[in-house]
Every structure is written in C-alpha cells, then in structure tokens.
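**Q** Have a look at the structure that comes next, please.
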Amino acid sequence: MRTFGNFGKLGTITDEQALTKALRQAIDTEFSLPSLFLELGGTPRLQVDKDSGIKVFGGPGGSLVVPTAERVKAALSTKWAVPGDNPNLVDASNRVVEFFHTNMPEMDLGYTQAFDFVDMRSSTLDSFDILDANQGITFTQRKAGEEVKIRRGVTDSKMSVGVCTFADGVGILDDWLRFQKWWAVSDTVAEFNAKAWDKKAEWHYNLLSALSAGVNVAFDTDDTVTLNKASAQILRAVKDKGYAAGQNAGFVIYCAPEKVGRITKMLTASAGSLIVAYQANMQPITVRVQAVIATTHIPASLNGYYLVLPGRKLKRADWKDLSLESARNIYARANDYVGTFQTNAAIGDTDQVARVLFQ
C-alpha cells in the first residue's frame, strides 16, 4: 500500500511545532481516504468473466469502479474548505483519484458486498438494533364489501449490536524527521492504515467462519447440483420474511483463494454452455451469483465456500473512522500516535448464509 501524501514536502518546514502539526494533518488525511472511497461509491477491483458475466473480486486484472473526479472534487471542497487545511497543498483531487486507483484494488473490501451499512458516526448511541418485526401480513383474497382485518398485534424481536473499539500505536522518531527519512514515515503510515482496514475485514469474515454446522449444505452429486440446492434452501428459509428474495435474487460467494478456480469453473455451467452439453448428468446453474470474493480471511482448510444472500439482516456499522491522537514522548525522542476506529457487524439471520461443502 502506498501513501497519498508526499511526506518529503514536509522537509521544507523548519519550525518544529509547525512540522509536528503538518505531519499530524498528513497522517489524518491518509487515514480518511479509504472511508471516503467507500462513501463515494467506490468498488474494489473485479474481474468480469466474459462468458458467465460473474464478477470475481480478488481475481487478476479486472477493473475498478472509482468515483469520478467531479465527485472527488466536491467531497474535498467540503473536507478542505481552506487550502491551508490540506497538508499536501497541490493538486489534491488528482492525487486522491490516483490513490484510489493504486491502493484500493489491493485492499480487502469484499465484505462490503454482503453487509448493509448503518452509519453511526454522528449518533450518540453505542449500539444499533437489527429488528425482526412480524405483523402476520398475508394478503388474503376478499369478497366485494368484505371487511379487511387490521393487524395490530406486532411480534417484535431484535438483536442489539454494540460498538467495538480497536486501537494501536506507533512512534515517529525525531531522527526520522531530523535526517529527512521520509520513506520511513511513509512506510509506517501506510502499514498502520493497511493493518487497520485488514483488521476490519477480518472482523467481518470471522462472522461467517463462526457460524455453526447448522448452516452447512452437504455435497450432492456434483458442484452445480449442490449450489442449486443451497440457494433453494436459503430462498425457502426466507420466503415468508419479507425480504423480496425471489428466484432472481442475487447471491454473493465468499471463498478462500485456493478454491476460487473451482468455483469460477463451476459457474460457467450455464444453460447452453459446452460444459453442460458435454456432461450429460450435469445440471446448469440456476442461481444468480453476482460476485465471487476470494479472501485469505476464509481459511484454506474450508473444503467449500459461503453462499450469502446479501443485505437484509446482515448489517455493519461504523461509529468512528480511523482517527489519530498524538503525544510527545521525551523518553523515546519521538512523537507517539494512537490510531482508533470503532466498528461492528452482525449476521441477524443465519438463514441468509449457507456453508456449501465440496466432496
């Protein structure tokens, strides 16, 4: 991961207090950009298979959905209303777009494809609720003039998702600044930012790995039959929950990188494809898989993958983006920086997830 800021430009600042302030601003800027990318609708790099049309996140090549330069400029005009607030000073919007192109394809943001976002950053609450309200609505046929029954007996349950705080610290040594070791500053800031976002990704994927064997779907005949069976199981389980999940509902697959080749090969087995035509007993895929996400946070030991009906009761929230606090450490001759972010996520309905097993 690279940095957005040109830390070498800070070497022109001779006043120690001004240098410390500018360095703090520069690091704050670095930490804010991944969140800005997501807020503006950016999407990680994906490879679209020309035959199946399946989007593979984490695949080689592919394209990246990056917010337009106009949207970036509009966002930065609010973020840096005064030019002096921007420690990089020059050509900020173009540098941000370049950062999005070079850094965001490599960050693991695939979990955002399954979890709906709840923005708690301006909230005073330390938790949010995933509601499961049911009023027994059935839409029965009525005769002309027949009275409609008004349902007021609401059964309401909820899952409360509390805030979780993550933090770590790093020291920027005085000698790095004195001897103009800006590459050391840049590498440290880049690693700090990358590790924070990697921890957030791990936190989300662990929700899948922690699910019990009750969501498992055993192998049946071949890979395509098993996938079709798993999707049908999910759709039947949620059909009365008001999810609007019909036969054309889009699914997301999460898998280890070691399994992505087998999965993408399986997904080419569409109706009329050669792989189906030359294998008499093979079923064509009847599932609309809108994305395949390969991540190292899914263990290689999992002999299968996760099939997820995204959104609905799968929620993630941020209370605080990665932000910085700093203090002078005279004993180490360094400026110490502590980065903190607050987040959490939950699977409010395990019926939306199946752990599909290979043979």
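We name chains A, B, ... following the order of the structure tokens; residues begin at 1 in each chain, and ligands are numbered from 1 as shown.
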So that I can see what lies close to Lys320 of chain A, please list as a list of chain:residue names the residues with an atom at most 6 Å from it, counting only C-alpha atoms and leaving out residues fewer than 3 positions away in the same chain.

**A**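 Here the answer would be A:Arg121, A:Phe341, A:Gln342.
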
**Q** If you keep N, CA and C atoms, can you produce a file of those selected residues as a compact mmCIF listing (two decimals), in the first residue's frame?

**A**
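After the write, out_39.txt holds the following:
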# COMPACT_ATOMS: atom_id res chain seq x y z
N ARG A 121 -21.78 7.21 12.86
CA ARG A 121 -20.70 8.14 13.19
C ARG A 121 -21.18 9.44 13.82
N PHE A 341 -10.34 3.10 15.74
CA PHE A 341 -11.58 3.07 14.98
C PHE A 341 -12.61 2.26 15.75
N GLN A 342 -13.88 2.55 15.52
CA GLN A 342 -14.98 1.86 16.20
C GLN A 342 -15.93 1.30 15.16

**Q** If you run DSSP on the backbone, which residues of segment 69-250 of chain A are strand (DSSP E or B), as a VMD selection string?

**A** chain A and resid 116 to 119 127 to 134 155 to 162 164 to 173 216 to 217 250

**Q** Hey, can you spit out that residue selection with C-alpha atoms as an mmCIF file, in the first residue's frame?

**A**
data_model
loop_
_atom_site.group_PDB
_atom_site.id
_atom_site.type_symbol
_atom_site.label_atom_id
_atom_site.label_comp_id
_atom_site.auth_asym_id
_atom_site.auth_seq_id
_atom_site.Cartn_x
_atom_site.Cartn_y
_atom_site.Cartn_z
ATOM 1 C CA ASP A 116 -25.620 -3.273 4.549
ATOM 2 C CA PHE A 117 -24.040 -0.174 6.099
ATOM 3 C CA VAL A 118 -25.501 1.576 9.139
ATOM 4 C CA ASP A 119 -23.842 4.970 9.674
ATOM 5 C CA SER A 127 -25.379 0.224 19.665
ATOM 6 C CA PHE A 128 -27.843 -0.338 16.859
ATOM 7 C CA ASP A 129 -30.604 -2.909 16.534
ATOM 8 C CA ILE A 130 -31.352 -5.436 13.828
ATOM 9 C CA LEU A 131 -35.123 -5.710 14.037
ATOM 10 C CA ASP A 132 -37.260 -8.724 13.277
ATOM 11 C CA ALA A 133 -40.801 -7.342 13.249
ATOM 12 C CA ASN A 134 -43.686 -9.501 12.097
ATOM 13 C CA THR A 155 -44.372 -9.532 17.397
ATOM 14 C CA ASP A 156 -41.049 -7.777 17.672
ATOM 15 C CA SER A 157 -37.613 -9.133 18.478
ATOM 16 C CA LYS A 158 -34.234 -7.563 17.926
ATOM 17 C CA MET A 159 -30.522 -8.163 18.003
ATOM 18 C CA SER A 160 -28.531 -5.371 19.597
ATOM 19 C CA VAL A 161 -25.107 -4.770 18.033
ATOM 20 C CA GLY A 162 -22.774 -2.821 20.298
ATOM 21 C CA CYS A 164 -16.320 -2.347 19.394
ATOM 22 C CA THR A 165 -13.192 -0.216 19.681
ATOM 23 C CA PHE A 166 -9.866 -1.119 18.057
ATOM 24 C CA ALA A 167 -6.638 0.784 18.630
ATOM 25 C CA ASP A 168 -2.896 0.576 18.170
ATOM 26 C CA GLY A 169 0.029 2.968 18.418
ATOM 27 C CA VAL A 170 3.229 3.815 16.601
ATOM 28 C CA GLY A 171 6.071 6.223 17.226
ATOM 29 C CA ILE A 172 7.642 8.559 14.660
ATOM 30 C CA LEU A 173 11.235 9.046 15.778
ATOM 31 C CA ASN A 216 -23.869 -26.491 6.248
ATOM 32 C CA VAL A 217 -25.088 -27.880 2.936
ATOM 33 C CA GLY A 250 -28.567 -12.150 -6.306
#

**Q** Can you build me a table of segment 125-229 of chain A residues sitting at most 10 Å from segment 263-271 of chain A, with the closest atom pair per residue and its distance in Å to one decimal, using only C-alpha atoms, sorted by chain and residue number, as a Markdown table?

**A**
| residue | atom | partner | partner_atom | distance |
| --- | --- | --- | --- | --- |
| A:Asp222 | CA | A:Met266 | CA | 9.5 |
| A:Asp223 | CA | A:Met266 | CA | 6.6 |
| A:Thr224 | CA | A:Met266 | CA | 6.4 |
| A:Leu227 | CA | A:Met266 | CA | 9.2 |

**Q** Given only C-alpha atoms as the basis, pick out the residue of A:Ile298, A:Leu309, A:Gly339, A:Ala74 nearest to Trp197 of chain A.

**A**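 Smallest distance to Trp197 of chain A is found for A:Gly339.
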
**Q** Can you pull out the residues contacting Val96 of chain A? Cut-off 10 Å, using only C-alpha atoms, and skip same-chain residues under 4 positions away; I want them as a list in words.

**A**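 Returned residues: Phe4, Gly5, Glu30, Leu33, Leu36, Phe37, Ala69, Val72, Lys73, Leu76, Asp91, Ala92, Phe100, His101 and Thr102 of chain A.
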
**Q** Env of Val238 of chain A: 12 Å cut, atoms = only C-alpha atoms, seq-sep filter 3 positions within chain, self excluded. Answer as a VMD selection string.

**A** chain A and resid 231 to 235 241 to 247 249 309 312 to 313 349 to 353

**Q** Out of A:Ser323, A:Thr226, A:Gln283, A:Asn248, which residue has the shortest atom-to-atom distance to Val356 of chain A when counting only C-alpha atoms?

**A**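 Closest residue, counting only C-alpha atoms: A:Thr226.
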